[in-house]
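What follows is data13.cif (mmCIF, C-alpha atoms).
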data_model
#
loop_
_atom_site.group_PDB
_atom_site.id
_atom_site.type_symbol
_atom_site.label_atom_id
_atom_site.label_comp_id
_atom_site.auth_asym_id
_atom_site.auth_seq_id
_atom_site.Cartn_x
_atom_site.Cartn_y
_atom_site.Cartn_z
ATOM 1 C CA MET Z 21 17.493 -20.820 -30.631
ATOM 2 C CA SER Z 22 17.665 -21.590 -26.924
ATOM 3 C CA THR Z 23 15.288 -20.330 -24.247
ATOM 4 C CA ALA Z 24 17.947 -17.902 -23.033
ATOM 5 C CA ASP Z 25 18.267 -16.479 -26.577
ATOM 6 C CA ILE Z 26 14.516 -15.956 -26.805
ATOM 7 C CA LEU Z 27 14.458 -14.244 -23.397
ATOM 8 C CA THR Z 28 17.376 -12.013 -24.431
ATOM 9 C CA ALA Z 29 15.600 -11.110 -27.677
ATOM 10 C CA ILE Z 30 12.460 -10.145 -25.727
ATOM 11 C CA GLN Z 31 14.498 -8.147 -23.242
ATOM 12 C CA ASP Z 32 16.216 -6.255 -26.094
ATOM 13 C CA SER Z 33 12.985 -5.471 -27.947
ATOM 14 C CA PRO Z 34 11.897 -1.818 -28.278
ATOM 15 C CA ILE Z 35 8.778 -2.354 -26.131
ATOM 16 C CA ALA Z 36 10.843 -3.914 -23.329
ATOM 17 C CA HIS Z 37 13.246 -0.974 -23.446
ATOM 18 C CA ALA Z 38 10.368 1.493 -23.458
ATOM 19 C CA ILE Z 39 9.038 0.045 -20.191
ATOM 20 C CA SER Z 40 12.249 -0.793 -18.361
ATOM 21 C CA LYS Z 41 14.014 2.492 -19.207
ATOM 22 C CA SER Z 42 11.023 4.650 -18.258
ATOM 23 C CA ASN Z 43 10.197 6.160 -14.885
ATOM 24 C CA HIS Z 44 9.709 3.522 -12.157
ATOM 25 C CA LEU Z 45 6.127 4.744 -11.754
ATOM 26 C CA VAL Z 46 5.306 3.151 -15.153
ATOM 27 C CA ALA Z 47 6.149 -0.231 -13.623
ATOM 28 C CA ALA Z 48 4.125 0.739 -10.545
ATOM 29 C CA GLY Z 49 1.207 1.685 -12.827
ATOM 30 C CA LEU Z 50 1.316 -1.762 -14.460
ATOM 31 C CA GLN Z 51 1.247 -3.362 -10.986
ATOM 32 C CA VAL Z 52 -1.798 -1.236 -10.067
ATOM 33 C CA VAL Z 53 -3.689 -2.269 -13.238
ATOM 34 C CA HIS Z 54 -2.677 -5.900 -12.594
ATOM 35 C CA VAL Z 55 -4.087 -5.968 -9.055
ATOM 36 C CA LEU Z 56 -7.282 -4.040 -9.960
ATOM 37 C CA GLY Z 57 -7.929 -6.443 -12.844
ATOM 38 C CA PHE Z 58 -7.299 -9.423 -10.582
ATOM 39 C CA ILE Z 59 -9.808 -8.116 -8.036
ATOM 40 C CA ALA Z 60 -12.448 -7.548 -10.753
ATOM 41 C CA LEU Z 61 -11.875 -11.101 -12.026
ATOM 42 C CA LEU Z 62 -12.069 -12.637 -8.549
ATOM 43 C CA ALA Z 63 -15.122 -10.537 -7.615
ATOM 44 C CA ALA Z 64 -16.995 -12.064 -10.554
ATOM 45 C CA LEU Z 65 -15.709 -15.539 -9.744
ATOM 46 C CA VAL Z 66 -16.609 -15.337 -6.036
ATOM 47 C CA LEU Z 67 -20.125 -14.117 -6.904
ATOM 48 C CA VAL Z 68 -20.712 -16.976 -9.369
ATOM 49 C CA SER Z 69 -19.212 -19.501 -6.924
ATOM 50 C CA LEU Z 70 -21.511 -18.380 -4.101
ATOM 51 C CA ARG Z 71 -24.512 -18.522 -6.447
ATOM 52 C CA ILE Z 72 -23.583 -22.011 -7.741
ATOM 53 C CA LEU Z 73 -23.402 -23.165 -4.110
ATOM 54 C CA LYS Z 74 -26.802 -21.502 -3.529
ATOM 55 C CA LEU Z 75 -25.385 -19.268 -0.785
ATOM 56 C CA VAL Z 76 -26.486 -15.952 -2.339
ATOM 57 C CA LEU Z 77 -29.133 -14.667 -4.807
ATOM 58 C CA ASN Z 78 -30.982 -18.001 -4.797
ATOM 59 C CA GLN Z 79 -34.151 -16.372 -6.068
ATOM 60 C CA GLN Z 80 -32.339 -15.386 -9.293
ATOM 61 C CA PRO Z 81 -31.679 -17.724 -12.234
ATOM 62 C CA LEU Z 82 -28.057 -18.889 -12.248
ATOM 63 C CA SER Z 83 -27.772 -17.999 -15.952
ATOM 64 C CA GLU Z 84 -28.640 -14.381 -15.238
ATOM 65 C CA VAL Z 85 -26.019 -14.046 -12.489
ATOM 66 C CA THR Z 86 -23.307 -15.699 -14.611
ATOM 67 C CA ARG Z 87 -24.082 -13.539 -17.650
ATOM 68 C CA ASP Z 88 -23.464 -10.275 -15.782
ATOM 69 C CA ALA Z 89 -20.550 -11.711 -13.801
ATOM 70 C CA ASN Z 90 -18.881 -12.929 -17.005
ATOM 71 C CA ARG Z 91 -18.577 -9.384 -18.344
ATOM 72 C CA LEU Z 92 -16.694 -8.380 -15.196
ATOM 73 C CA PHE Z 93 -14.631 -11.583 -15.367
ATOM 74 C CA TYR Z 94 -13.466 -10.871 -18.929
ATOM 75 C CA LEU Z 95 -12.750 -7.227 -18.145
ATOM 76 C CA GLY Z 96 -10.585 -8.320 -15.208
ATOM 77 C CA LEU Z 97 -8.931 -11.094 -17.218
ATOM 78 C CA SER Z 98 -7.958 -8.756 -20.067
ATOM 79 C CA LEU Z 99 -6.575 -6.129 -17.660
ATOM 80 C CA THR Z 100 -4.446 -8.680 -15.765
ATOM 81 C CA VAL Z 101 -3.200 -10.467 -18.888
ATOM 82 C CA CYS Z 102 -2.258 -7.233 -20.739
ATOM 83 C CA SER Z 103 -0.482 -5.692 -17.717
ATOM 84 C CA GLY Z 104 1.102 -9.046 -16.857
ATOM 85 C CA VAL Z 105 2.486 -9.555 -20.375
ATOM 86 C CA LEU Z 106 3.961 -6.037 -20.360
ATOM 87 C CA MET Z 107 5.601 -6.654 -16.962
ATOM 88 C CA PHE Z 108 7.053 -9.950 -18.160
ATOM 89 C CA VAL Z 109 8.307 -8.455 -21.430
ATOM 90 C CA SER Z 110 10.094 -5.644 -19.586
ATOM 91 C CA SER Z 111 12.317 -8.095 -17.694
ATOM 92 C CA PRO Z 112 11.752 -11.701 -18.872
ATOM 93 C CA LYS Z 113 15.003 -13.024 -17.390
ATOM 94 C CA LEU Z 114 14.021 -11.755 -13.959
ATOM 95 C CA TYR Z 115 10.708 -13.651 -13.987
ATOM 96 C CA PHE Z 116 11.338 -16.746 -16.098
ATOM 97 C CA TYR Z 117 13.695 -18.530 -13.708
ATOM 98 C CA LYS Z 118 11.706 -17.803 -10.560
ATOM 99 C CA TYR Z 119 10.011 -20.772 -8.933
ATOM 100 C CA ALA Z 120 7.042 -18.647 -7.784
ATOM 101 C CA PHE Z 121 6.541 -17.323 -11.331
ATOM 102 C CA GLU Z 122 6.608 -20.834 -12.836
ATOM 103 C CA LEU Z 123 4.080 -21.975 -10.224
ATOM 104 C CA LYS Z 124 1.864 -18.965 -10.970
ATOM 105 C CA MET Z 125 1.882 -19.708 -14.729
ATOM 106 C CA LEU Z 126 1.114 -23.405 -14.165
ATOM 107 C CA LEU Z 127 -1.790 -22.463 -11.902
ATOM 108 C CA PHE Z 128 -2.967 -19.909 -14.473
ATOM 109 C CA VAL Z 129 -3.130 -22.555 -17.217
ATOM 110 C CA ALA Z 130 -4.942 -24.882 -14.797
ATOM 111 C CA ALA Z 131 -7.373 -22.113 -13.770
ATOM 112 C CA ILE Z 132 -8.255 -21.317 -17.398
ATOM 113 C CA VAL Z 133 -8.828 -25.013 -18.199
ATOM 114 C CA ILE Z 134 -10.975 -25.420 -15.055
ATOM 115 C CA GLN Z 135 -12.876 -22.229 -15.941
ATOM 116 C CA PHE Z 136 -13.940 -23.394 -19.396
ATOM 117 C CA ALA Z 137 -13.947 -27.202 -19.081
ATOM 118 C CA VAL Z 138 -15.457 -27.541 -15.594
ATOM 119 C CA LEU Z 139 -16.992 -24.414 -14.032
ATOM 120 C CA ARG Z 140 -18.741 -23.187 -17.175
ATOM 121 C CA ARG Z 141 -20.183 -26.639 -17.845
ATOM 122 C CA VAL Z 142 -21.496 -26.921 -14.282
ATOM 123 C CA ALA Z 143 -22.973 -23.409 -14.394
ATOM 124 C CA ALA Z 144 -24.726 -24.158 -17.706
ATOM 125 C CA ASN Z 145 -27.090 -26.371 -15.722
ATOM 126 C CA GLU Z 146 -29.651 -24.291 -13.819
ATOM 127 C CA ASN Z 147 -29.594 -26.801 -10.939
ATOM 128 C CA PRO Z 148 -26.150 -28.416 -10.833
ATOM 129 C CA LYS Z 149 -25.717 -31.563 -8.737
ATOM 130 C CA PRO Z 150 -24.423 -30.576 -5.275
ATOM 131 C CA PHE Z 151 -21.227 -32.652 -5.560
ATOM 132 C CA ALA Z 152 -20.359 -31.332 -9.024
ATOM 133 C CA ALA Z 153 -21.103 -27.787 -7.877
ATOM 134 C CA ARG Z 154 -18.868 -28.041 -4.805
ATOM 135 C CA ALA Z 155 -16.042 -29.755 -6.676
ATOM 136 C CA ALA Z 156 -16.059 -27.211 -9.519
ATOM 137 C CA VAL Z 157 -16.102 -24.228 -7.142
ATOM 138 C CA ALA Z 158 -13.368 -25.724 -4.929
ATOM 139 C CA LEU Z 159 -11.101 -26.447 -7.918
ATOM 140 C CA SER Z 160 -11.622 -23.036 -9.459
ATOM 141 C CA LEU Z 161 -11.157 -20.988 -6.258
ATOM 142 C CA THR Z 162 -8.086 -23.030 -5.247
ATOM 143 C CA ALA Z 163 -6.451 -22.338 -8.613
ATOM 144 C CA TRP Z 164 -7.261 -18.588 -8.676
ATOM 145 C CA PHE Z 165 -6.406 -17.981 -4.999
ATOM 146 C CA GLY Z 166 -3.199 -19.973 -5.577
ATOM 147 C CA ILE Z 167 -2.359 -17.586 -8.424
ATOM 148 C CA GLY Z 168 -2.750 -14.664 -6.019
ATOM 149 C CA LEU Z 169 -0.513 -16.283 -3.390
ATOM 150 C CA ALA Z 170 2.147 -17.334 -5.918
ATOM 151 C CA GLY Z 171 2.013 -13.852 -7.417
ATOM 152 C CA ARG Z 172 2.737 -12.237 -4.080
ATOM 153 C CA MET Z 173 5.690 -14.647 -3.596
ATOM 154 C CA ILE Z 174 7.363 -13.500 -6.854
ATOM 155 C CA GLY Z 175 8.595 -10.259 -5.324
ATOM 156 C CA PHE Z 176 10.091 -12.066 -2.325
ATOM 157 C CA THR Z 177 11.946 -15.008 -3.875
ATOM 158 C CA MET S 17 4.617 12.933 15.316
ATOM 159 C CA SER S 18 7.727 12.021 17.322
ATOM 160 C CA SER S 19 5.596 10.181 19.882
ATOM 161 C CA LEU S 20 3.937 8.325 16.991
ATOM 162 C CA ILE S 21 7.384 7.270 15.755
ATOM 163 C CA ALA S 22 8.264 6.121 19.284
ATOM 164 C CA ILE S 23 5.091 4.011 19.420
ATOM 165 C CA ALA S 24 5.810 2.543 15.973
ATOM 166 C CA GLU S 25 9.351 1.669 17.061
ATOM 167 C CA GLN S 26 7.968 -0.149 20.106
ATOM 168 C CA VAL S 27 5.383 -1.952 17.963
ATOM 169 C CA GLU S 28 8.158 -3.179 15.670
ATOM 170 C CA GLN S 29 10.037 -4.616 18.673
ATOM 171 C CA LEU S 30 7.137 -6.877 19.712
ATOM 172 C CA PRO S 31 7.997 -10.598 19.413
ATOM 173 C CA ILE S 32 5.247 -11.196 16.826
ATOM 174 C CA SER S 33 6.448 -8.232 14.711
ATOM 175 C CA VAL S 34 10.031 -9.507 14.761
ATOM 176 C CA ALA S 35 8.844 -13.028 13.903
ATOM 177 C CA ILE S 36 6.900 -11.796 10.822
ATOM 178 C CA ALA S 37 9.693 -9.492 9.673
ATOM 179 C CA GLU S 38 12.387 -12.166 10.031
ATOM 180 C CA SER S 39 10.530 -15.103 8.488
ATOM 181 C CA GLN S 40 11.184 -15.656 4.797
ATOM 182 C CA TYR S 41 7.635 -16.780 4.064
ATOM 183 C CA ALA S 42 5.393 -15.139 6.688
ATOM 184 C CA PHE S 43 5.299 -11.698 5.087
ATOM 185 C CA PRO S 44 4.433 -12.750 1.502
ATOM 186 C CA ILE S 45 1.930 -15.353 2.728
ATOM 187 C CA ILE S 46 0.134 -12.795 4.927
ATOM 188 C CA GLU S 47 0.193 -10.377 1.975
ATOM 189 C CA GLY S 48 -1.320 -13.107 -0.218
ATOM 190 C CA VAL S 49 -4.131 -13.715 2.277
ATOM 191 C CA HIS S 50 -4.631 -9.926 2.463
ATOM 192 C CA LEU S 51 -5.056 -9.915 -1.343
ATOM 193 C CA ILE S 52 -7.513 -12.836 -1.305
ATOM 194 C CA GLY S 53 -9.554 -11.237 1.505
ATOM 195 C CA LEU S 54 -9.533 -8.036 -0.518
ATOM 196 C CA SER S 55 -10.860 -9.778 -3.599
ATOM 197 C CA ILE S 56 -13.763 -11.222 -1.576
ATOM 198 C CA ALA S 57 -14.654 -8.138 0.511
ATOM 199 C CA VAL S 58 -13.890 -5.291 -1.885
ATOM 200 C CA GLY S 59 -14.706 -7.526 -4.864
ATOM 201 C CA LEU S 60 -18.253 -8.217 -3.646
ATOM 202 C CA LEU S 61 -18.518 -4.585 -2.545
ATOM 203 C CA PHE S 62 -17.698 -3.577 -6.146
ATOM 204 C CA ILE S 63 -20.510 -5.885 -7.322
ATOM 205 C CA THR S 64 -22.877 -4.147 -4.877
ATOM 206 C CA ASP S 65 -21.650 -0.700 -6.011
ATOM 207 C CA LEU S 66 -22.122 -1.581 -9.678
ATOM 208 C CA ARG S 67 -25.664 -2.741 -8.837
ATOM 209 C CA LEU S 68 -26.338 0.528 -6.950
ATOM 210 C CA ALA S 69 -25.151 2.409 -10.038
ATOM 211 C CA GLY S 70 -27.436 0.248 -12.212
ATOM 212 C CA ALA S 71 -24.585 -1.228 -14.264
ATOM 213 C CA ILE S 72 -25.097 -4.947 -13.529
ATOM 214 C CA LEU S 73 -27.728 -7.379 -12.157
ATOM 215 C CA ARG S 74 -30.409 -4.787 -12.914
ATOM 216 C CA ARG S 75 -33.218 -7.348 -12.704
ATOM 217 C CA VAL S 76 -32.173 -8.479 -9.218
ATOM 218 C CA PRO S 77 -33.949 -6.448 -6.479
ATOM 219 C CA LEU S 78 -31.393 -4.112 -4.880
ATOM 220 C CA THR S 79 -32.252 -5.120 -1.299
ATOM 221 C CA GLN S 80 -31.519 -8.777 -2.175
ATOM 222 C CA VAL S 81 -28.036 -7.861 -3.377
ATOM 223 C CA LEU S 82 -27.390 -5.628 -0.354
ATOM 224 C CA HIS S 83 -28.598 -8.098 2.284
ATOM 225 C CA GLN S 84 -27.305 -11.359 0.838
ATOM 226 C CA LEU S 85 -23.781 -10.173 0.000
ATOM 227 C CA ARG S 86 -23.326 -8.308 3.288
ATOM 228 C CA PRO S 87 -22.152 -11.212 5.536
ATOM 229 C CA TRP S 88 -19.514 -12.216 2.924
ATOM 230 C CA ILE S 89 -18.320 -8.645 2.579
ATOM 231 C CA LEU S 90 -18.030 -8.228 6.367
ATOM 232 C CA GLY S 91 -16.265 -11.588 6.731
ATOM 233 C CA GLY S 92 -13.788 -10.616 4.031
ATOM 234 C CA PHE S 93 -13.169 -7.280 5.735
ATOM 235 C CA ALA S 94 -12.389 -9.073 9.011
ATOM 236 C CA SER S 95 -9.644 -11.043 7.268
ATOM 237 C CA ILE S 96 -8.262 -7.890 5.594
ATOM 238 C CA PHE S 97 -8.074 -6.034 8.912
ATOM 239 C CA ILE S 98 -6.352 -8.937 10.675
ATOM 240 C CA THR S 99 -3.780 -9.522 7.910
ATOM 241 C CA GLY S 100 -3.335 -5.773 7.382
ATOM 242 C CA GLY S 101 -2.695 -5.361 11.112
ATOM 243 C CA LEU S 102 -0.078 -8.145 11.060
ATOM 244 C CA LEU S 103 1.677 -6.570 8.057
ATOM 245 C CA PHE S 104 1.661 -3.218 9.853
ATOM 246 C CA LEU S 105 3.299 -4.748 12.963
ATOM 247 C CA ALA S 106 6.265 -5.906 10.904
ATOM 248 C CA GLU S 107 6.838 -2.580 9.140
ATOM 249 C CA ALA S 108 5.332 0.014 11.489
ATOM 250 C CA THR S 109 8.092 2.652 11.341
ATOM 251 C CA THR S 110 8.478 2.637 7.521
ATOM 252 C CA LEU S 111 4.709 2.562 6.984
ATOM 253 C CA ILE S 112 3.855 5.577 9.141
ATOM 254 C CA ALA S 113 6.428 7.578 7.144
ATOM 255 C CA ASN S 114 5.086 6.346 3.776
ATOM 256 C CA PRO S 115 2.891 8.838 1.840
ATOM 257 C CA ALA S 116 0.940 6.079 0.019
ATOM 258 C CA PHE S 117 0.116 4.416 3.364
ATOM 259 C CA LYS S 118 -1.126 7.726 4.847
ATOM 260 C CA PHE S 119 -3.370 8.351 1.830
ATOM 261 C CA LYS S 120 -4.601 4.768 2.049
ATOM 262 C CA LEU S 121 -5.765 5.289 5.653
ATOM 263 C CA VAL S 122 -7.457 8.605 4.748
ATOM 264 C CA PHE S 123 -9.364 6.999 1.874
ATOM 265 C CA ILE S 124 -10.373 3.977 4.001
ATOM 266 C CA ALA S 125 -11.854 6.477 6.475
ATOM 267 C CA LEU S 126 -13.701 8.324 3.669
ATOM 268 C CA ALA S 127 -15.013 5.024 2.240
ATOM 269 C CA ALA S 128 -16.209 3.995 5.716
ATOM 270 C CA ILE S 129 -18.019 7.323 6.189
ATOM 271 C CA ASN S 130 -19.660 6.910 2.756
ATOM 272 C CA ALA S 131 -20.755 3.350 3.628
ATOM 273 C CA ALA S 132 -22.146 4.430 7.009
ATOM 274 C CA TYR S 133 -24.010 7.371 5.431
ATOM 275 C CA PHE S 134 -25.519 5.074 2.809
ATOM 276 C CA GLU S 135 -26.495 2.421 5.350
ATOM 277 C CA PHE S 136 -27.921 4.657 8.087
ATOM 278 C CA VAL S 137 -29.268 7.632 6.145
ATOM 279 C CA ILE S 138 -29.872 6.971 2.433
ATOM 280 C CA ALA S 139 -30.997 3.318 2.586
ATOM 281 C CA LYS S 140 -33.065 3.883 5.723
ATOM 282 C CA LYS S 141 -34.911 6.818 4.171
ATOM 283 C CA ALA S 142 -35.462 5.070 0.829
ATOM 284 C CA GLY S 143 -36.728 1.831 2.467
ATOM 285 C CA ALA S 144 -38.754 -0.261 0.031
ATOM 286 C CA GLU S 145 -38.225 2.343 -2.707
ATOM 287 C CA LEU S 146 -34.756 0.829 -3.201
ATOM 288 C CA ASP S 147 -36.348 -2.035 -5.124
ATOM 289 C CA ARG S 148 -38.099 0.214 -7.658
ATOM 290 C CA PRO S 149 -36.743 -0.114 -11.213
ATOM 291 C CA VAL S 150 -35.611 3.524 -11.244
ATOM 292 C CA ILE S 151 -32.653 3.924 -8.922
ATOM 293 C CA PRO S 152 -32.717 7.231 -6.954
ATOM 294 C CA ALA S 153 -29.853 9.585 -7.861
ATOM 295 C CA ASN S 154 -28.371 9.664 -4.346
ATOM 296 C CA VAL S 155 -28.256 5.836 -4.250
ATOM 297 C CA LYS S 156 -26.413 5.778 -7.592
ATOM 298 C CA PHE S 157 -24.029 8.431 -6.330
ATOM 299 C CA ALA S 158 -23.278 6.488 -3.128
ATOM 300 C CA GLY S 159 -22.439 3.414 -5.238
ATOM 301 C CA LEU S 160 -20.127 5.321 -7.566
ATOM 302 C CA ALA S 161 -18.479 7.082 -4.588
ATOM 303 C CA SER S 162 -17.808 3.724 -2.913
ATOM 304 C CA LEU S 163 -16.405 2.278 -6.156
ATOM 305 C CA THR S 164 -14.087 5.278 -6.592
ATOM 306 C CA LEU S 165 -12.936 5.474 -2.967
ATOM 307 C CA TRP S 166 -12.100 1.744 -2.682
ATOM 308 C CA THR S 167 -10.297 1.826 -6.029
ATOM 309 C CA ILE S 168 -8.116 4.656 -4.678
ATOM 310 C CA VAL S 169 -7.494 2.621 -1.482
ATOM 311 C CA ILE S 170 -6.219 -0.309 -3.585
ATOM 312 C CA VAL S 171 -4.089 1.963 -5.776
ATOM 313 C CA CYS S 172 -2.516 3.568 -2.670
ATOM 314 C CA GLY S 173 -1.912 0.143 -1.130
ATOM 315 C CA ARG S 174 -0.120 -1.157 -4.218
ATOM 316 C CA LEU S 175 1.996 2.010 -4.417
ATOM 317 C CA ILE S 176 3.363 1.644 -0.841
ATOM 318 C CA PRO S 177 6.580 -0.115 -1.968
ATOM 319 C CA TYR S 178 7.023 2.301 -4.904
ATOM 320 C CA LEU S 179 6.878 5.619 -3.061
ATOM 321 C CA PRO S 180 9.768 6.567 -0.792
ATOM 322 C CA SER S 181 9.097 6.980 2.924
ATOM 323 C CA ALA S 182 9.605 10.539 4.146
ATOM 324 C CA PRO S 183 9.719 11.443 7.839
#

Since I need it in another form, could you write the structure as structure tokens?
Amino acid sequence: MSTADILTAIQDSPIAHAISKSNHLVAAGLQVVHVLGFIALLAALVLVSLRILKLVLNQQPLSEVTRDANRLFYLGLSLTVCSGVLMFVSSPKLYFYKYAFELKMLLFVAAIVIQFAVLRRVAANENPKPFAARAAVALSLTAWFGIGLAGRMIGFT
Amino acid sequence: MSSLIAIAEQVEQLPISVAIAESQYAFPIIEGVHLIGLSIAVGLLFITDLRLAGAILRRVPLTQVLHQLRPWILGGFASIFITGGLLFLAEATTLIANPAFKFKLVFIALAAINAAYFEFVIAKKAGAELDRPVIPANVKFAGLASLTLWTIVIVCGRLIPYLPSAP
């Protein structure tokens, strides 16, 4: 089974038909959920990044800030992933061969790896070393902001 | 309204507007920066609102959250207004006829009024009481109002390309 066959099978599935044949405001609704989820995710990430760099809420333990921020991060992540999967399923052939989409997915994989292998490990230490802190925050924000930029390019390429 | 259309037509003719509209990459890149600025400014504002409502960071004194996040929120807003202005230049005539864009402006104005009322009336009156463990009802309400109004602003913004422009 080739990639094109798999994409065709997805495109012909009942769920894909349900979305693509419905009112165009269903697609718009998915876009709205996608962007709101992305903002929730980035809000949590920006807060944790600023705290790791000791730029805000210095008087609070890092663990306390990350615990509350993580709930918002996972809420945002689940909203973006669910809406994103539904958008992709509704027209996989449209997205799959787009350069901006491929870039966005690569950055997404990188961002998730950085999130769990680097940022979380750095934030587990109450007083991370300044270089490790800056490197982890820079890597993580570059990947997530890159996802936002690549995502905006999808509609234009 | 017709004079507004005339102004928008002139705005669209400006060299910078033409340059943004004609470039293949300028428009999506500016939109991307608009989105990133949004996630910093409105994102941190959401954090503040959730704290006002008592949903997160409950053990952090409220005034710490308000004061320390403020410069980042304002900086983010500066970048949103600049990029938003540039996007408007390139599409002025279609935007002023777009219902989602009109609602977006109305809700930005309402959110700004809510923020100003909180800052200059509610917070000023409450003073040090803001840091008490029990959050006053009007403070909670201001936080939830801000959260709701900015969410509507984002929804309207994302719907701009999906709703037809009507003169």

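What separates atom CA of S:Leu61 from atom CA of Z:Gly171 is a distance of 23.0 Å.
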
Practice task
For the file shown, report as a PyMOL selection string the outcome of the PyMOL selection byres ((chain Z) within 8 of (chain S)) at residue level.
Solution key: chain Z and resi 44-45+48+51-52+55-56+58-60+62-64+66-67+76-77+80+84-85+88+165+168-173+176

Could you write out that same residue set with C-alpha atoms as a PDB file, in the coordinates of the input?
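The resulting file, out.pdb, is shown below:
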ATOM      1  CA  HIS Z  44       9.709   3.522 -12.157  1.00  0.00           C
ATOM      2  CA  LEU Z  45       6.127   4.744 -11.754  1.00  0.00           C
ATOM      3  CA  ALA Z  48       4.125   0.739 -10.545  1.00  0.00           C
ATOM      4  CA  GLN Z  51       1.247  -3.362 -10.986  1.00  0.00           C
ATOM      5  CA  VAL Z  52      -1.798  -1.236 -10.067  1.00  0.00           C
ATOM      6  CA  VAL Z  55      -4.087  -5.968  -9.055  1.00  0.00           C
ATOM      7  CA  LEU Z  56      -7.282  -4.040  -9.960  1.00  0.00           C
ATOM      8  CA  PHE Z  58      -7.299  -9.423 -10.582  1.00  0.00           C
ATOM      9  CA  ILE Z  59      -9.808  -8.116  -8.036  1.00  0.00           C
ATOM     10  CA  ALA Z  60     -12.448  -7.548 -10.753  1.00  0.00           C
ATOM     11  CA  LEU Z  62     -12.069 -12.637  -8.549  1.00  0.00           C
ATOM     12  CA  ALA Z  63     -15.122 -10.537  -7.615  1.00  0.00           C
ATOM     13  CA  ALA Z  64     -16.995 -12.064 -10.554  1.00  0.00           C
ATOM     14  CA  VAL Z  66     -16.609 -15.337  -6.036  1.00  0.00           C
ATOM     15  CA  LEU Z  67     -20.125 -14.117  -6.904  1.00  0.00           C
ATOM     16  CA  VAL Z  76     -26.486 -15.952  -2.339  1.00  0.00           C
ATOM     17  CA  LEU Z  77     -29.133 -14.667  -4.807  1.00  0.00           C
ATOM     18  CA  GLN Z  80     -32.339 -15.386  -9.293  1.00  0.00           C
ATOM     19  CA  GLU Z  84     -28.640 -14.381 -15.238  1.00  0.00           C
ATOM     20  CA  VAL Z  85     -26.019 -14.046 -12.489  1.00  0.00           C
ATOM     21  CA  ASP Z  88     -23.464 -10.275 -15.782  1.00  0.00           C
ATOM     22  CA  PHE Z 165      -6.406 -17.981  -4.999  1.00  0.00           C
ATOM     23  CA  GLY Z 168      -2.750 -14.664  -6.019  1.00  0.00           C
ATOM     24  CA  LEU Z 169      -0.513 -16.283  -3.390  1.00  0.00           C
ATOM     25  CA  ALA Z 170       2.147 -17.334  -5.918  1.00  0.00           C
ATOM     26  CA  GLY Z 171       2.013 -13.852  -7.417  1.00  0.00           C
ATOM     27  CA  ARG Z 172       2.737 -12.237  -4.080  1.00  0.00           C
ATOM     28  CA  MET Z 173       5.690 -14.647  -3.596  1.00  0.00           C
ATOM     29  CA  PHE Z 176      10.091 -12.066  -2.325  1.00  0.00           C
TER      30      PHE Z 176
END

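Counting from atom CA of S:Leu66, the distance to atom CA of Z:Val129 is 29.3 Å.
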
Problem - Interatomic distance (Å, one decimal) between atom CA of S:Gln29 and atom CA of S:Leu121 - result: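 Rounded to one decimal, the two atoms are 22.7 Å apart.
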
Exercise for the section: Starting from the displayed file, determine the output of the PyMOL selection byres ((chain S and resi 144-157) around 7) and express the residue list as an NGL selection string. Expected result: :S and (68-69 or 77-79 or 138 or 142-143 or 158-161)

Exercise for the section: Step by step: start from the point (14.3, -10.8, -15.5) in the file's coordinates, keep every protein, DNA or RNA residue that has an atom no farther than 12 Å from it, count only C-alpha atoms, and write the set as an MDAnalysis selection string. Expected result: chainID Z and resid 24 27:28 30:32 36 40 107:118 121 174:175

Problem - Picked residues, the PyMOL selection byres ((chain S and resi 114) around 9), as number ranges by chain - result: S: 109-113, 115-119, 176-177, 179-183

Mind filling out stretch 122-130 of chain Z with N, CA and C atoms and sending it as a CSV table (one decimal), in the coordinates of the input?
chain,number,residue,atom,x,y,z
Z,122,GLU,N,7.0,-19.6,-12.1
Z,122,GLU,CA,6.6,-20.8,-12.8
Z,122,GLU,C,5.3,-21.4,-12.2
Z,123,LEU,N,5.3,-21.4,-10.9
Z,123,LEU,CA,4.1,-22.0,-10.2
Z,123,LEU,C,2.8,-21.2,-10.6
Z,124,LYS,N,3.0,-19.8,-10.6
Z,124,LYS,CA,1.9,-19.0,-11.0
Z,124,LYS,C,1.4,-19.3,-12.4
Z,125,MET,N,2.3,-19.4,-13.3
Z,125,MET,CA,1.9,-19.7,-14.7
Z,125,MET,C,1.2,-21.1,-14.9
Z,126,LEU,N,1.7,-22.1,-14.1
Z,126,LEU,CA,1.1,-23.4,-14.2
Z,126,LEU,C,-0.3,-23.3,-13.6
Z,127,LEU,N,-0.5,-22.6,-12.5
Z,127,LEU,CA,-1.8,-22.5,-11.9
Z,127,LEU,C,-2.7,-21.7,-12.8
Z,128,PHE,N,-2.2,-20.7,-13.6
Z,128,PHE,CA,-3.0,-19.9,-14.5
Z,128,PHE,C,-3.5,-20.8,-15.6
Z,129,VAL,N,-2.7,-21.6,-16.2
Z,129,VAL,CA,-3.1,-22.6,-17.2
Z,129,VAL,C,-4.2,-23.5,-16.6
Z,130,ALA,N,-4.0,-24.0,-15.4
Z,130,ALA,CA,-4.9,-24.9,-14.8
Z,130,ALA,C,-6.3,-24.1,-14.6
